[in-house]
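Undergrad: Structure in structure tokens, see below.
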Amino acid sequence: MAIAVRGSRSGGSGGVGAGFRSFFSYRIFISAMFTLLFIVTVSVVITSRPPTTHRHSSLPSGANVYMHRTFLALNSDPLKTRLDLIYKQANDHITLVKAYAAYAMRVKLEISRQLKMFDDLAKNFSDLNSKPSYKSSLFETDGNLDEDVLRQFEKEVKDRVKFARSLVAESKENYDNQLKIQKLKDTIFSVSELLGKAKKNGALASSIAAKSIPKSLHCLAMRLVEERVAHPEKYKEELPKAEFEDPSLYHYAVFSDNVIAVSVVVRSVVKNAEEPWKHVFHVVTDRMNVAAMKVWFRMRPVEGGAHLEVKAVEDYSFLDSSYVPVLRRIESAKMQRFSPEKTMENATKDGSNMKLKNPVSTSMLNHLRFYLPEMYPKLHKILLLDDDVVVQKDMTGLWKIDLAGKERFNPKACAWAFGMNIFDLDAWRREKCTETYHEWQNLNEDQTLWQLDTLPPGLITFYSLTKSLDKSWHVLGLGYNPSISMDEIKNAAVIHYNGNMKPWLDIAMNQYKNLWTKYVDNDMEFVQMCNFGV
């Protein structure tokens with residue numbers, strides 16, 4: 001109770017003074033606190049702000065790159081921006097000059113002066129930045145750039161840029177054309193390679209087509225054999241005629257297994273002969289086709305009274321392997337082909353054995369021409385015709401030419417060609433040409449001199465024993481050359497379809513085919529049945 005009493009006793013004027021003093025102390029304290037807070041805040045703001053010179057390092061990247069660059073430009077030396085532009089212009093022209101120099105080297109231009117100028121100019125641009133005065137004053141200084149030095153650097157850069165532009169303008173058209181030419185050359189080279197491959201493939205396909213037997217020819221041979229089997233009484237053997245050995249007549253030899261081709265040769269001779277009854281044809285074929293050949297000429301006798309005999313190779317008994325070197329080689333090749341131990345060896349020699357695989361080269365029909373004097377011992381002259389020729393004029397003029405004791409061959413360039421040759425058989429026997437032929441064939445036993453063919457040994461055997469004919473007697477190339485003059489063909493006595501594009505094949509050249517087809521006997525029923533399409 002004492003405390004309560006004491007408090008109430010001092011509550012008068014003394015209590016009011018104490019309250020006043022407390023109020024003012026509180027205001028001072030609050031003011032001091034706000035002042036201290038303000039000072040701390042200002043201090044924090046000041047200490048947290050980066051220096052003005054490094055303010056750009058805190059700017060964001062990415063979407064604000066443009067603002068970042070603008071900020072840098074505003075806070076940097078304007079001469080530095082100018083220096084950057086000059087430096088970029090110099091670098092752009094260095095790249096341009098180097099590019100043209102590289103193009104020039106690529107197309108191998110023989111302009112050494114311009115190449116050197118391009119190289120020197122590129123080097124001068126690069127060396128300009130390395131000059132000590134420019135390097136120290138412009139590229140390695142941290143302070144402001146020297147405007148006079150910058151102006152001099154800009155002048156030198158502009159001079160070089162001007163020169164570079166004039167040099168490029170002078171060379172641009174020339175270099176661009178050279179690049180186009182080089183690209184064209186590259187394209188031509190590439191196309192040439194493709195063309196070479198296509199030609200090889202085409203030649204191979206053509207060779208295969210030429211060596212194969214067309215369906216129409218096979219059909220014709222079968223029809224003729226079928227006719228002989230069905231009517232044997234019609235096709236009995238006839239006795240040989242005296243005309244076959246009469247040397248006063250005009251004798252022709254045709255060796256072939258192609259019935260339709262032989263018929264065209266014979267018909268073309270007879271239709272153009274002035275005296276057809278004086279002409280005698282000796283047709284020799286192989287055992288497989290002799291029946292068909294005989295039936296054809298029995299069903300379609302030679303017109304104009306001309307005479308014709310058909311024989312097989314086997315009818316000439318002296319033509320055996322003991323006498324004929326080529327027959328020994330052919331038989332040896334057949335034995336090796338069926339020998340198991342030779343299989344691998346033959347497989348590695350495909351290239352060298354192509355002639356052996358060619359049925360024309362391995363057929364004795366192709367080599368009969370070297371035995372004409374023995375085949376026709378009573379004749380003095382004989383005209384040999386290949387089965388791929390067409391006769392367009394009377395041929396009797398050849399028998400009237402004085403051969404001066406030589407065999408007659410048609411010249412072609414430095415050599416001569418088989419296809420149409422008239423032989424003086426008496427001179428042949430006197431010069432012993434068959435013996436010479438055998439000597440060379442024996443020397444070529446291993447086929448190192450030539451493959452199994454007839455032209456090389458023919459050129460050797462009759463070397464210096466030939467006499468040339470006028471070119472109009474025999475025009476060659478209708479089986480491979482599309483550019484022969486039609487006037488030359490028209491004036492020729494004999495046209496020769498030598499080459500792979502024979503007139504009876506689908507690959508024949510159309511511009512020459514009708515010269516052959518007009519002598520095909522289209523009235524013959526089997527020709528129509530076998531769809532020759534001529």
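If you're wondering about the labels, chains in the structure tokens are A, B, ... by order shown, residues count from 1 in each chain, ligands from 1 in order shown.
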Out of range 237-315 of chain A, which residues get strand (DSSP E or B) from DSSP, as a list in words?
TA: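 Of range 237-315 of chain A, the ones in strand (DSSP E or B) are Tyr250, His251, Tyr252, Ala253, Val254, Phe255, His279, Val280, Phe281, His282, Val283, Val284, Thr285, His307, Leu308, Glu309, Val310, Lys311 and Ala312 of chain A.
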Undergrad: Would you output that residue set with N, CA and C atoms, as a short mmCIF file (atom, residue, chain, number, x, y, z; two decimals), in the first residue's frame?
TA:
data_model
loop_
_atom_site.label_atom_id
_atom_site.label_comp_id
_atom_site.auth_asym_id
_atom_site.auth_seq_id
_atom_site.Cartn_x
_atom_site.Cartn_y
_atom_site.Cartn_z
N TYR A 250 32.19 -69.13 -167.26
CA TYR A 250 32.53 -68.23 -166.15
C TYR A 250 32.17 -68.92 -164.83
N HIS A 251 33.18 -69.24 -164.05
CA HIS A 251 32.96 -70.02 -162.83
C HIS A 251 33.07 -69.15 -161.58
N TYR A 252 32.12 -69.40 -160.65
CA TYR A 252 32.06 -68.68 -159.37
C TYR A 252 32.13 -69.69 -158.23
N ALA A 253 32.83 -69.35 -157.17
CA ALA A 253 32.86 -70.17 -155.96
C ALA A 253 32.22 -69.38 -154.81
N VAL A 254 31.27 -70.00 -154.13
CA VAL A 254 30.60 -69.39 -152.98
C VAL A 254 30.62 -70.41 -151.85
N PHE A 255 31.26 -70.09 -150.73
CA PHE A 255 31.37 -71.00 -149.59
C PHE A 255 30.58 -70.42 -148.43
N HIS A 279 27.31 -68.97 -167.07
CA HIS A 279 27.83 -68.80 -165.71
C HIS A 279 27.58 -70.08 -164.90
N VAL A 280 28.61 -70.49 -164.17
CA VAL A 280 28.55 -71.72 -163.38
C VAL A 280 28.89 -71.39 -161.93
N PHE A 281 28.04 -71.87 -161.02
CA PHE A 281 28.23 -71.59 -159.59
C PHE A 281 28.60 -72.87 -158.85
N HIS A 282 29.66 -72.78 -158.06
CA HIS A 282 30.11 -73.90 -157.23
C HIS A 282 29.86 -73.51 -155.76
N VAL A 283 28.78 -74.03 -155.20
CA VAL A 283 28.40 -73.73 -153.81
C VAL A 283 28.88 -74.85 -152.91
N VAL A 284 29.62 -74.49 -151.87
CA VAL A 284 30.10 -75.47 -150.91
C VAL A 284 29.61 -75.04 -149.52
N THR A 285 29.04 -75.99 -148.79
CA THR A 285 28.53 -75.72 -147.45
C THR A 285 28.98 -76.84 -146.52
N HIS A 307 24.17 -72.56 -164.40
CA HIS A 307 24.42 -73.88 -163.82
C HIS A 307 24.91 -73.73 -162.38
N LEU A 308 24.50 -74.69 -161.52
CA LEU A 308 24.86 -74.61 -160.10
C LEU A 308 25.00 -76.00 -159.51
N GLU A 309 26.03 -76.21 -158.77
CA GLU A 309 26.22 -77.45 -158.02
C GLU A 309 26.41 -77.12 -156.55
N VAL A 310 25.93 -78.04 -155.67
CA VAL A 310 26.06 -77.88 -154.22
C VAL A 310 26.82 -79.08 -153.68
N LYS A 311 27.87 -78.80 -152.93
CA LYS A 311 28.66 -79.85 -152.31
C LYS A 311 28.90 -79.51 -150.83
N ALA A 312 29.28 -80.55 -150.09
CA ALA A 312 29.70 -80.37 -148.70
C ALA A 312 31.21 -80.39 -148.62
#
Undergrad: Counting only C-alpha atoms, figure out which residue out of A:Gly196, A:Pro78, A:Ser248, A:Phe297 gets nearest to Lys400 in chain A.
TA: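 Checking each of A:Gly196, A:Pro78, A:Ser248, A:Phe297 against Lys400 in chain A, counting only C-alpha atoms, the winner is A:Ser248.
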Undergrad: Using CA of Lys271 in chain A and CA of Val520 in chain A as the two end points, give the distance in Å to one decimal.
TA: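 These atoms are spaced 12.0 Å apart.
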Undergrad: Which residues in range 119-284 of chain A does DSSP call alpha helix (DSSP H)? List them as a VMD selection string.
TA: chain A and resid 119 to 128 132 to 134 147 to 211 215 to 230 259 to 272
Undergrad: Show me, as a list of chain:residue names, the residues that have an atom within 12 Å of Asp148 in chain A when counting only C-alpha atoms, minus same-chain residues fewer than 2 positions from it.
TA: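 The residues satisfying every condition are A:Leu79, A:Ser133, A:Tyr134, A:Ser137, A:Leu138, A:Asn144, A:Leu145, A:Asp146, A:Leu150, A:Arg151, A:Gln152, A:Phe153, A:Glu154, A:Lys155.
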